[in-house]
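Below is one structure, written out as structure tokens; comments come after it.
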Amino acid sequence: LLNRMFGFALWDVNNEKLFIARDRLGIKQIYYAEDGERFVFGSEIKTILAMPGINREINYEAICDFFSLQYIPAPRTAFRCIKKLPPACNLTIDYKGKVIKKYWDLQYDENGVSDAEAVDFIDQELQRAVRYQMISDVPLGAYLSGGIDSSLLVAMMAQASDRPVETFSILWDQGGEAFDERTYSRFVVEKFKTNHHEFLVKPQVEEIMDAIVQSFDEPFADDSAVPNYYIAHETRKHVTVALSGLGGDEMSAGYERYLGMRLLRYYRYLPAIMRREIIRIVNRIPDPDSGSLWVERIKRFSMISDLPFARSYYAISSKLNPNEKPMLFTAEALEKIGNDYDTGAIFDHLSGIVTHAHELNQMLFIDMNTYMVDQLLVLSDRMSMAHSLELRVPYLDHHLVESFARVHPTMKLRGPIKKYLLKKVAERYFPKGFIYRKKMGFSSPMVVWLRGDLKPYMLALLDKKHIAKTGILNPESVQGYVRMHLERRRNYDMLIWSIMMFMLWYDSYIDKIYNH
């Protein structure tokens, strides 16, 4: 069986049949388009757009998805005639037509492994996955942020290697301690004697924006594309293959929103009048200068208490409040999106597939099929391949993923402790003080940048006339978001960044093509 990332196509000459397949977790992407006469496919959208006569009509529903989630979930793309092949699917096309089949599904067996066995079981399975991903005939290294996932990865690589592991980290020259994990990454380096490369970056974001937009081919607004771009650029100077800790959060419940959804159940016991008063109070709290997201999270949390489970999870994951949709888009765009169109229906559908699973596993399943595959994996693949760096993700070895699905949810999220199981595994390699600390994540201090060094660039890009030419976004609303963000009345960094990335994509892929 194929185990790793893959995307391939086979042509059956005798039967004139095309067979295309994508790996189980969607580490690699496949896009396709058909117009009645041609079937075109490739690993990037630009491959398809390079074909003469391919229609570039905008998919307005996909644009709505983008502003809600910062990415466009499969099977849609920003172009109406181009689609994504979902993960774990194959596509067959012949004279009879096109058929898409799913060949693998994750099944949850929540009592398949006892709590007493779980730590040994996952430790052994992760070691196996790491050793397997280390097989290479070219120089190999690892991203090291200092977080639990990458640190555990490096620890296992060091034990499996007969030479020092090459590790790579980047440091921001601004953003403060909230975005600096160098103390932790250096601890790992010292403990496992890695050959470490640390890059201090003063990001010239304006200079790399075109390269980032051209890598994705459609609107994509995860601001961690910036650190991923820089670390891939520097890492490729030393190795051609690198391992990443991506996937640990989705397999073992590492995000704040998982804990937030648990707390929501208790919050709902408060009387409605008290919840309304809390909303009024928290909406008046100004955004902190540090760029910390805790105020924004409290505001979001307080607004979703009356929603059903899947809708609550969508609301806590979405970057666009549904009430803001009529303000963000023009009347013309809203008409093309359709009054009934609802991005949250994607979450409803996925939750329904695993409706008998524990609520935590439902959230993990939703993330695995949306956020992880269409945001994180696309981001890491595009930024690494832009520098000809092969990035491997041992946490997404499908046997390991299936192993996590056999562990009871209370071993993933226990009380207030996120990623409990992986932290118990990590106790075998690191002291507890290193493990049980606040999670930072591999991100950029975008909230600080937009109020500082990036402010002139942001204001120029989001000029009213520039916004108006799209006919999609409301210039007055965009100006309002910018103003409230700069005045620290509300943290709109993710929405503003989404608008900026959309404008850059529109300029390059729509406006430039049709008006020049």
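Each chain in the structure tokens gets a letter, A, B and so on, in the order shown; residues start at 1 in every chain, and ligands are counted from 1 in the order they appear.
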
What are the nearest atom pairs, with distances in Å to one decimal, for all residues of range 34-102 of chain A that come at most 10 Å from range 313-328 of chain A, using only C-alpha atoms, set out by chain and rising residue number as a Markdown table?
| residue | atom | partner | partner_atom | distance |
| --- | --- | --- | --- | --- |
| A:Cys64 | CA | A:Lys325 | CA | 8.4 |
| A:Asp65 | CA | A:Ser318 | CA | 9.4 |
| A:Phe66 | CA | A:Lys319 | CA | 9.3 |
| A:Phe67 | CA | A:Leu320 | CA | 6.4 |
| A:Ser68 | CA | A:Leu320 | CA | 4.7 |
| A:Leu69 | CA | A:Ser318 | CA | 5.2 |
| A:Gln70 | CA | A:Lys319 | CA | 7.2 |

Atoms to include: C-alpha atoms. Write the selected residues as a compact mmCIF listing (two decimals), in the first residue's frame.
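The resulting file, selection-v5.txt, is reproduced below:
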# COMPACT_ATOMS: atom_id res chain seq x y z
CA CYS A 64 -17.68 33.64 0.39
CA ASP A 65 -16.00 30.51 1.79
CA PHE A 66 -12.64 32.23 1.61
CA PHE A 67 -13.66 35.23 3.68
CA SER A 68 -15.27 32.95 6.25
CA LEU A 69 -12.36 30.52 6.58
CA GLN A 70 -9.28 32.18 4.97

- Could you pull the residues within 6 Å of range 386-392 of chain A, counting only C-alpha atoms, minus those fewer than 6 positions along the same chain, as an NGL selection string? :A and (233 or 236 or 240-243)

Take the residues from that selection and put them in a file with N, CA and C atoms, as a CSV table (one decimal), in the first residue's frame.
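Result written to again-v9.csv:
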chain,number,residue,atom,x,y,z
A,233,HIS,N,12.8,29.0,2.6
A,233,HIS,CA,13.9,29.7,1.8
A,233,HIS,C,15.3,29.4,2.4
A,236,ARG,N,16.3,25.4,2.6
A,236,ARG,CA,16.7,24.8,1.3
A,236,ARG,C,18.2,25.1,1.0
A,240,THR,N,17.5,19.3,1.3
A,240,THR,CA,16.5,19.2,0.2
A,240,THR,C,15.2,18.6,0.7
A,241,VAL,N,15.3,18.0,1.9
A,241,VAL,CA,14.1,17.4,2.5
A,241,VAL,C,14.0,17.8,4.0
A,242,ALA,N,12.8,18.2,4.5
A,242,ALA,CA,12.7,18.5,5.9
A,242,ALA,C,11.4,17.9,6.4
A,243,LEU,N,11.4,17.6,7.7
A,243,LEU,CA,10.3,17.0,8.4
A,243,LEU,C,9.6,18.1,9.2

Looking only at helix (DSSP H, G or I) from DSSP on the backbone, list the matching residues of range 114-317 of chain A as a short mmCIF file (atom, residue, chain, number, x, y, z; two decimals) with N, CA, C and O atoms, in the first residue's frame.
data_model
loop_
_atom_site.label_atom_id
_atom_site.label_comp_id
_atom_site.auth_asym_id
_atom_site.auth_seq_id
_atom_site.Cartn_x
_atom_site.Cartn_y
_atom_site.Cartn_z
N ASP A 115 -6.58 3.42 28.03
CA ASP A 115 -5.80 4.57 28.47
C ASP A 115 -4.41 4.15 28.93
O ASP A 115 -3.42 4.85 28.69
N ALA A 116 -4.32 3.00 29.58
CA ALA A 116 -3.04 2.53 30.10
C ALA A 116 -2.07 2.18 28.97
O ALA A 116 -0.84 2.33 29.13
N GLU A 117 -2.60 1.73 27.84
CA GLU A 117 -1.75 1.35 26.70
C GLU A 117 -1.47 2.49 25.75
O GLU A 117 -0.55 2.41 24.92
N ALA A 118 -2.27 3.55 25.83
CA ALA A 118 -2.25 4.59 24.79
C ALA A 118 -0.90 5.26 24.64
O ALA A 118 -0.45 5.51 23.51
N VAL A 119 -0.23 5.58 25.74
CA VAL A 119 1.04 6.31 25.64
C VAL A 119 2.09 5.45 24.95
O VAL A 119 2.79 5.91 24.03
N ASP A 120 2.21 4.19 25.37
CA ASP A 120 3.16 3.27 24.71
C ASP A 120 2.81 3.12 23.23
O ASP A 120 3.69 3.14 22.36
N PHE A 121 1.53 2.95 22.96
CA PHE A 121 1.05 2.70 21.60
C PHE A 121 1.40 3.86 20.67
O PHE A 121 1.98 3.66 19.59
N ILE A 122 1.07 5.09 21.08
CA ILE A 122 1.32 6.25 20.23
C ILE A 122 2.81 6.56 20.14
O ILE A 122 3.32 6.94 19.07
N ASP A 123 3.54 6.36 21.23
CA ASP A 123 5.00 6.55 21.21
C ASP A 123 5.63 5.64 20.16
O ASP A 123 6.42 6.09 19.30
N GLN A 124 5.28 4.39 20.16
CA GLN A 124 5.85 3.44 19.21
C GLN A 124 5.43 3.74 17.78
O GLN A 124 6.25 3.67 16.85
N GLU A 125 4.15 4.09 17.60
CA GLU A 125 3.67 4.39 16.25
C GLU A 125 4.30 5.67 15.69
O GLU A 125 4.61 5.75 14.50
N LEU A 126 4.49 6.66 16.53
CA LEU A 126 5.12 7.90 16.07
C LEU A 126 6.59 7.65 15.75
O LEU A 126 7.11 8.16 14.74
N GLN A 127 7.28 6.86 16.57
CA GLN A 127 8.68 6.52 16.26
C GLN A 127 8.77 5.81 14.91
O GLN A 127 9.67 6.10 14.11
N ARG A 128 7.84 4.88 14.67
CA ARG A 128 7.84 4.17 13.39
C ARG A 128 7.64 5.13 12.23
O ARG A 128 8.34 5.08 11.21
N ALA A 129 6.66 6.06 12.37
CA ALA A 129 6.38 7.02 11.31
C ALA A 129 7.58 7.92 11.04
O ALA A 129 7.90 8.22 9.89
N VAL A 130 8.25 8.35 12.10
CA VAL A 130 9.42 9.22 11.95
C VAL A 130 10.54 8.50 11.23
O VAL A 130 11.16 9.03 10.30
N ARG A 131 10.81 7.27 11.65
CA ARG A 131 11.88 6.50 10.99
C ARG A 131 11.57 6.30 9.51
O ARG A 131 12.45 6.40 8.65
N TYR A 132 10.31 6.03 9.22
CA TYR A 132 9.91 5.81 7.82
C TYR A 132 10.09 7.08 7.00
O TYR A 132 10.58 7.03 5.86
N GLN A 133 9.72 8.21 7.56
CA GLN A 133 9.84 9.48 6.83
C GLN A 133 11.29 9.96 6.73
O GLN A 133 11.60 10.84 5.93
N ILE A 148 5.67 21.52 21.13
CA ILE A 148 5.70 20.10 21.48
C ILE A 148 5.83 19.22 20.25
O ILE A 148 6.64 18.28 20.22
N ASP A 149 5.06 19.49 19.19
CA ASP A 149 5.06 18.62 18.01
C ASP A 149 6.43 18.55 17.35
O ASP A 149 6.96 17.46 17.10
N SER A 150 7.01 19.70 17.06
CA SER A 150 8.31 19.70 16.38
C SER A 150 9.42 19.23 17.31
O SER A 150 10.36 18.56 16.86
N SER A 151 9.33 19.53 18.59
CA SER A 151 10.37 19.10 19.54
C SER A 151 10.38 17.58 19.70
O SER A 151 11.45 16.95 19.71
N LEU A 152 9.19 17.00 19.80
CA LEU A 152 9.08 15.54 19.91
C LEU A 152 9.59 14.88 18.63
O LEU A 152 10.27 13.85 18.67
N LEU A 153 9.28 15.48 17.52
CA LEU A 153 9.75 14.98 16.23
C LEU A 153 11.28 14.96 16.18
O LEU A 153 11.90 13.95 15.80
N VAL A 154 11.91 16.05 16.59
CA VAL A 154 13.37 16.14 16.58
C VAL A 154 13.99 15.15 17.56
O VAL A 154 15.01 14.52 17.27
N ALA A 155 13.35 14.98 18.73
CA ALA A 155 13.86 14.02 19.71
C ALA A 155 13.90 12.61 19.13
O ALA A 155 14.90 11.88 19.29
N MET A 156 12.85 12.23 18.43
CA MET A 156 12.79 10.89 17.84
C MET A 156 13.75 10.76 16.67
O MET A 156 14.34 9.70 16.44
N MET A 157 13.90 11.84 15.89
CA MET A 157 14.87 11.82 14.79
C MET A 157 16.29 11.64 15.34
O MET A 157 17.09 10.88 14.77
N ALA A 158 16.60 12.33 16.43
CA ALA A 158 17.94 12.24 17.02
C ALA A 158 18.23 10.83 17.50
O ALA A 158 19.36 10.32 17.34
N GLN A 159 17.24 10.18 18.08
CA GLN A 159 17.43 8.81 18.56
C GLN A 159 17.60 7.82 17.42
O GLN A 159 18.27 6.79 17.57
N ALA A 160 17.00 8.14 16.26
CA ALA A 160 17.05 7.22 15.12
C ALA A 160 18.21 7.50 14.18
O ALA A 160 18.42 6.75 13.22
N GLU A 177 7.67 38.95 23.02
CA GLU A 177 7.80 37.60 23.54
C GLU A 177 6.66 36.68 23.13
O GLU A 177 6.81 35.46 23.12
N ALA A 178 5.49 37.25 22.80
CA ALA A 178 4.34 36.43 22.43
C ALA A 178 4.60 35.60 21.18
O ALA A 178 3.89 34.63 20.92
N PHE A 179 5.63 35.95 20.40
CA PHE A 179 5.91 35.23 19.16
C PHE A 179 7.33 34.67 19.15
O PHE A 179 7.87 34.36 18.09
N ARG A 182 12.38 30.96 21.12
CA ARG A 182 13.78 30.56 20.95
C ARG A 182 14.32 29.84 22.20
O ARG A 182 15.19 28.96 22.08
N THR A 183 13.85 30.23 23.39
CA THR A 183 14.32 29.57 24.61
C THR A 183 14.04 28.07 24.54
O THR A 183 14.89 27.24 24.91
N TYR A 184 12.88 27.71 24.02
CA TYR A 184 12.48 26.31 23.96
C TYR A 184 13.17 25.56 22.83
O TYR A 184 13.59 24.41 23.00
N SER A 185 13.29 26.19 21.67
CA SER A 185 13.97 25.51 20.57
C SER A 185 15.45 25.30 20.92
O SER A 185 16.02 24.24 20.61
N ARG A 186 16.06 26.26 21.59
CA ARG A 186 17.47 26.12 21.97
C ARG A 186 17.65 25.03 23.02
O ARG A 186 18.68 24.35 23.05
N PHE A 187 16.64 24.86 23.88
CA PHE A 187 16.69 23.76 24.86
C PHE A 187 16.73 22.42 24.14
O PHE A 187 17.51 21.52 24.50
N VAL A 188 15.89 22.26 23.12
CA VAL A 188 15.85 21.01 22.35
C VAL A 188 17.19 20.79 21.64
O VAL A 188 17.73 19.67 21.62
N VAL A 189 17.72 21.85 21.06
CA VAL A 189 19.00 21.77 20.36
C VAL A 189 20.10 21.28 21.29
O VAL A 189 20.90 20.40 20.95
N GLU A 190 20.14 21.85 22.50
CA GLU A 190 21.18 21.48 23.46
C GLU A 190 20.98 20.05 23.95
O GLU A 190 21.95 19.28 24.07
N LYS A 191 19.74 19.69 24.23
CA LYS A 191 19.46 18.35 24.78
C LYS A 191 19.79 17.25 23.78
O LYS A 191 20.34 16.20 24.15
N PHE A 192 19.48 17.47 22.49
CA PHE A 192 19.68 16.42 21.49
C PHE A 192 20.83 16.71 20.53
O PHE A 192 20.97 16.02 19.52
N VAL A 205 7.65 42.08 3.99
CA VAL A 205 6.46 41.37 3.51
C VAL A 205 6.06 41.83 2.11
O VAL A 205 5.69 41.02 1.26
N GLU A 206 6.17 43.14 1.86
CA GLU A 206 5.78 43.66 0.54
C GLU A 206 6.56 42.98 -0.57
O GLU A 206 6.05 42.79 -1.67
N GLU A 207 7.82 42.62 -0.29
CA GLU A 207 8.69 42.07 -1.32
C GLU A 207 8.38 40.62 -1.66
O GLU A 207 8.77 40.13 -2.72
N ILE A 208 7.72 39.92 -0.75
CA ILE A 208 7.45 38.50 -1.01
C ILE A 208 5.98 38.22 -1.31
O ILE A 208 5.61 37.08 -1.61
N MET A 209 5.13 39.25 -1.25
CA MET A 209 3.70 39.03 -1.43
C MET A 209 3.36 38.46 -2.79
O MET A 209 2.54 37.54 -2.91
N ASP A 210 3.97 38.98 -3.85
CA ASP A 210 3.67 38.47 -5.18
C ASP A 210 4.04 36.99 -5.30
O ASP A 210 3.29 36.19 -5.89
N ALA A 211 5.18 36.62 -4.73
CA ALA A 211 5.62 35.23 -4.78
C ALA A 211 4.64 34.33 -4.04
O ALA A 211 4.34 33.21 -4.48
N ILE A 212 4.13 34.81 -2.90
CA ILE A 212 3.18 34.02 -2.11
C ILE A 212 1.87 33.85 -2.88
O ILE A 212 1.34 32.74 -3.00
N VAL A 213 1.35 34.95 -3.43
CA VAL A 213 0.09 34.89 -4.17
C VAL A 213 0.22 33.96 -5.37
O VAL A 213 -0.68 33.16 -5.66
N GLN A 214 1.34 34.05 -6.09
CA GLN A 214 1.55 33.21 -7.26
C GLN A 214 1.70 31.74 -6.90
O GLN A 214 1.46 30.86 -7.72
N SER A 215 2.08 31.46 -5.67
CA SER A 215 2.23 30.06 -5.24
C SER A 215 0.88 29.39 -5.03
O SER A 215 0.74 28.19 -5.24
N PHE A 216 -0.13 30.16 -4.60
CA PHE A 216 -1.42 29.57 -4.28
C PHE A 216 -2.41 29.61 -5.44
O PHE A 216 -3.32 28.79 -5.50
N ALA A 225 1.86 31.86 6.19
CA ALA A 225 2.57 31.70 4.91
C ALA A 225 3.87 32.51 4.94
O ALA A 225 4.87 32.10 4.32
N VAL A 226 3.87 33.63 5.66
CA VAL A 226 5.07 34.48 5.72
C VAL A 226 6.22 33.76 6.41
O VAL A 226 7.30 33.60 5.83
N PRO A 227 6.06 33.26 7.68
CA PRO A 227 7.18 32.52 8.27
C PRO A 227 7.51 31.24 7.52
O PRO A 227 8.68 30.86 7.43
N ASN A 228 6.49 30.57 6.95
CA ASN A 228 6.76 29.36 6.18
C ASN A 228 7.60 29.67 4.94
O ASN A 228 8.46 28.88 4.55
N TYR A 229 7.33 30.80 4.31
CA TYR A 229 8.11 31.21 3.14
C TYR A 229 9.57 31.40 3.52
O TYR A 229 10.48 30.90 2.86
N TYR A 230 9.78 32.13 4.60
CA TYR A 230 11.15 32.44 5.02
C TYR A 230 11.91 31.20 5.48
O TYR A 230 13.08 31.01 5.13
N ILE A 231 11.25 30.35 6.27
CA ILE A 231 11.99 29.19 6.78
C ILE A 231 12.30 28.20 5.66
O ILE A 231 13.37 27.58 5.65
N ALA A 232 11.39 28.06 4.69
CA ALA A 232 11.67 27.18 3.56
C ALA A 232 12.83 27.73 2.73
O ALA A 232 13.70 26.97 2.28
N HIS A 233 12.84 29.04 2.55
CA HIS A 233 13.93 29.69 1.79
C HIS A 233 15.28 29.41 2.43
O HIS A 233 16.25 29.06 1.74
N GLU A 234 15.35 29.55 3.75
CA GLU A 234 16.63 29.36 4.45
C GLU A 234 16.99 27.89 4.58
O GLU A 234 18.16 27.51 4.43
N THR A 235 15.99 27.04 4.85
CA THR A 235 16.25 25.61 5.02
C THR A 235 16.80 24.99 3.75
O THR A 235 17.71 24.15 3.78
N GLY A 248 0.01 17.34 14.33
CA GLY A 248 -0.10 16.94 15.73
C GLY A 248 -1.30 17.55 16.42
O GLY A 248 -1.97 16.90 17.23
N ASP A 249 -1.61 18.81 16.11
CA ASP A 249 -2.75 19.47 16.73
C ASP A 249 -4.07 18.83 16.32
O ASP A 249 -4.99 18.69 17.14
N GLU A 250 -4.18 18.46 15.06
CA GLU A 250 -5.43 17.88 14.56
C GLU A 250 -5.63 16.44 15.01
O GLU A 250 -6.75 15.96 15.10
N MET A 251 -4.53 15.73 15.28
CA MET A 251 -4.65 14.33 15.72
C MET A 251 -4.87 14.22 17.22
O MET A 251 -5.51 13.30 17.71
N SER A 252 -4.33 15.20 17.98
CA SER A 252 -4.36 15.05 19.43
C SER A 252 -4.92 16.27 20.15
O SER A 252 -4.62 16.50 21.31
N GLU A 256 -6.95 25.85 20.93
CA GLU A 256 -7.76 26.47 21.98
C GLU A 256 -9.26 26.25 21.74
O GLU A 256 -10.04 26.14 22.68
N ARG A 257 -9.67 26.19 20.48
CA ARG A 257 -11.10 26.08 20.19
C ARG A 257 -11.70 24.77 20.69
O ARG A 257 -12.89 24.72 20.97
N TYR A 258 -10.88 23.71 20.80
CA TYR A 258 -11.40 22.45 21.34
C TYR A 258 -11.78 22.64 22.81
O TYR A 258 -12.82 22.17 23.26
N LEU A 259 -10.92 23.31 23.53
CA LEU A 259 -11.20 23.62 24.93
C LEU A 259 -12.36 24.60 25.03
O LEU A 259 -13.23 24.48 25.90
N GLY A 260 -12.39 25.57 24.11
CA GLY A 260 -13.47 26.56 24.11
C GLY A 260 -14.83 25.92 23.92
O GLY A 260 -15.81 26.31 24.57
N MET A 261 -14.91 24.91 23.05
CA MET A 261 -16.19 24.24 22.82
C MET A 261 -16.63 23.45 24.06
O MET A 261 -17.83 23.33 24.33
N ARG A 262 -15.67 22.93 24.80
CA ARG A 262 -16.02 22.24 26.04
C ARG A 262 -16.53 23.24 27.07
O ARG A 262 -17.54 23.00 27.74
N LEU A 263 -15.86 24.37 27.19
CA LEU A 263 -16.30 25.39 28.15
C LEU A 263 -17.67 25.95 27.78
O LEU A 263 -18.43 26.37 28.65
N LEU A 264 -17.97 25.93 26.49
CA LEU A 264 -19.25 26.48 26.01
C LEU A 264 -20.44 25.75 26.64
O LEU A 264 -21.48 26.34 26.92
N ARG A 265 -20.27 24.45 26.85
CA ARG A 265 -21.36 23.68 27.45
C ARG A 265 -21.72 24.20 28.84
O ARG A 265 -22.88 24.25 29.23
N TYR A 266 -20.70 24.58 29.60
CA TYR A 266 -20.94 25.10 30.95
C TYR A 266 -21.43 26.54 30.89
O TYR A 266 -22.28 26.95 31.69
N TYR A 267 -20.94 27.30 29.94
CA TYR A 267 -21.33 28.70 29.79
C TYR A 267 -22.82 28.82 29.49
O TYR A 267 -23.50 29.76 29.92
N ALA A 272 -29.82 33.76 30.16
CA ALA A 272 -29.64 34.52 28.92
C ALA A 272 -29.35 35.99 29.19
O ALA A 272 -28.54 36.61 28.51
N ILE A 273 -30.00 36.55 30.21
CA ILE A 273 -29.79 37.97 30.51
C ILE A 273 -28.35 38.23 30.95
O ILE A 273 -27.75 39.26 30.63
N MET A 274 -27.77 37.26 31.66
CA MET A 274 -26.37 37.40 32.09
C MET A 274 -25.43 37.28 30.90
O MET A 274 -24.44 38.01 30.80
N ARG A 275 -25.75 36.36 29.96
CA ARG A 275 -24.90 36.20 28.78
C ARG A 275 -24.92 37.47 27.93
O ARG A 275 -23.90 37.88 27.37
N ARG A 276 -26.10 38.11 27.81
CA ARG A 276 -26.20 39.35 27.04
C ARG A 276 -25.36 40.46 27.68
O ARG A 276 -24.72 41.25 26.99
N GLU A 277 -25.34 40.51 28.98
CA GLU A 277 -24.55 41.52 29.69
C GLU A 277 -23.05 41.27 29.49
O GLU A 277 -22.26 42.20 29.32
N ILE A 278 -22.66 40.00 29.49
CA ILE A 278 -21.26 39.65 29.25
C ILE A 278 -20.84 40.10 27.85
O ILE A 278 -19.75 40.65 27.66
N ILE A 279 -21.70 39.86 26.85
CA ILE A 279 -21.41 40.29 25.48
C ILE A 279 -21.19 41.80 25.44
O ILE A 279 -20.26 42.30 24.81
N ARG A 280 -22.07 42.55 26.13
CA ARG A 280 -21.96 44.01 26.13
C ARG A 280 -20.64 44.47 26.75
O ARG A 280 -19.97 45.37 26.23
N ILE A 281 -20.23 43.81 27.81
CA ILE A 281 -19.00 44.19 28.51
C ILE A 281 -17.76 43.84 27.69
O ILE A 281 -16.87 44.68 27.50
N VAL A 282 -17.69 42.60 27.19
CA VAL A 282 -16.46 42.18 26.50
C VAL A 282 -16.27 42.93 25.18
O VAL A 282 -15.13 43.13 24.74
N TRP A 294 -6.27 36.90 23.09
CA TRP A 294 -7.22 36.44 24.11
C TRP A 294 -8.49 37.27 24.14
O TRP A 294 -9.58 36.72 24.36
N VAL A 295 -8.39 38.59 23.92
CA VAL A 295 -9.58 39.43 23.93
C VAL A 295 -10.51 39.05 22.79
O VAL A 295 -11.72 38.92 22.95
N GLU A 296 -9.93 38.86 21.60
CA GLU A 296 -10.73 38.48 20.44
C GLU A 296 -11.42 37.14 20.66
O GLU A 296 -12.58 36.94 20.28
N ARG A 297 -10.72 36.20 21.32
CA ARG A 297 -11.31 34.88 21.58
C ARG A 297 -12.47 34.97 22.56
O ARG A 297 -13.48 34.28 22.40
N ILE A 298 -12.34 35.83 23.56
CA ILE A 298 -13.43 36.00 24.52
C ILE A 298 -14.66 36.59 23.83
O ILE A 298 -15.79 36.16 24.05
N LYS A 299 -14.43 37.56 22.96
CA LYS A 299 -15.54 38.19 22.24
C LYS A 299 -16.25 37.17 21.35
O LYS A 299 -17.48 37.10 21.30
N ARG A 300 -15.47 36.38 20.65
CA ARG A 300 -16.05 35.36 19.75
C ARG A 300 -16.82 34.31 20.56
O ARG A 300 -17.93 33.92 20.21
N PHE A 301 -16.23 33.88 21.67
CA PHE A 301 -16.84 32.86 22.52
C PHE A 301 -18.20 33.32 23.04
O PHE A 301 -19.18 32.56 23.02
N SER A 302 -18.28 34.57 23.47
CA SER A 302 -19.51 35.07 24.08
C SER A 302 -20.66 35.20 23.08
O SER A 302 -21.82 35.25 23.48
N MET A 303 -20.32 35.23 21.78
CA MET A 303 -21.35 35.47 20.76
C MET A 303 -22.02 34.19 20.25
O MET A 303 -23.01 34.25 19.54
N PHE A 309 -24.31 22.49 18.06
CA PHE A 309 -22.91 22.09 18.14
C PHE A 309 -22.09 22.42 16.89
O PHE A 309 -21.10 23.14 16.95
N ALA A 310 -22.50 21.88 15.73
CA ALA A 310 -21.72 22.09 14.50
C ALA A 310 -21.66 23.57 14.14
O ALA A 310 -20.64 24.07 13.65
N ARG A 311 -22.76 24.29 14.39
CA ARG A 311 -22.80 25.72 14.09
C ARG A 311 -21.90 26.51 15.04
O ARG A 311 -21.27 27.49 14.65
N SER A 312 -21.86 26.09 16.29
CA SER A 312 -20.96 26.73 17.25
C SER A 312 -19.52 26.54 16.80
O SER A 312 -18.71 27.47 16.86
N TYR A 313 -19.21 25.33 16.35
CA TYR A 313 -17.83 25.06 15.94
C TYR A 313 -17.47 25.84 14.68
O TYR A 313 -16.35 26.33 14.55
N TYR A 314 -18.42 25.95 13.78
CA TYR A 314 -18.18 26.77 12.60
C TYR A 314 -17.95 28.23 13.00
O TYR A 314 -17.03 28.88 12.52
N ALA A 315 -18.78 28.73 13.89
CA ALA A 315 -18.67 30.13 14.30
C ALA A 315 -17.35 30.41 15.00
O ALA A 315 -16.74 31.47 14.80
N ILE A 316 -16.89 29.46 15.80
CA ILE A 316 -15.63 29.66 16.53
C ILE A 316 -14.43 29.52 15.59
O ILE A 316 -13.34 30.01 15.87
N SER A 317 -14.64 28.84 14.46
CA SER A 317 -13.56 28.64 13.48
C SER A 317 -13.56 29.71 12.40
O SER A 317 -12.52 29.97 11.79
#

- Would you please extract all strand (DSSP E or B) residues from range 1-247 of chain A, as assigned by DSSP on the backbone, and give them as a PyMOL selection string? chain A and resi 7-12+17-22+31-34+39-42+58+79+82-84+89-94+97-102+113+140-143+166-172+195-201+241-243

- Message: Give me the residues near range 477-483 of chain A as number ranges by chain, where near means some atom within 12 Å (using only C-alpha atoms) and where sequence neighbours in that chain fewer than 4 positions away do not count.
- Response: A: 320, 324-330, 447, 450-451, 455-456, 458-468, 472-473, 487-500, 503
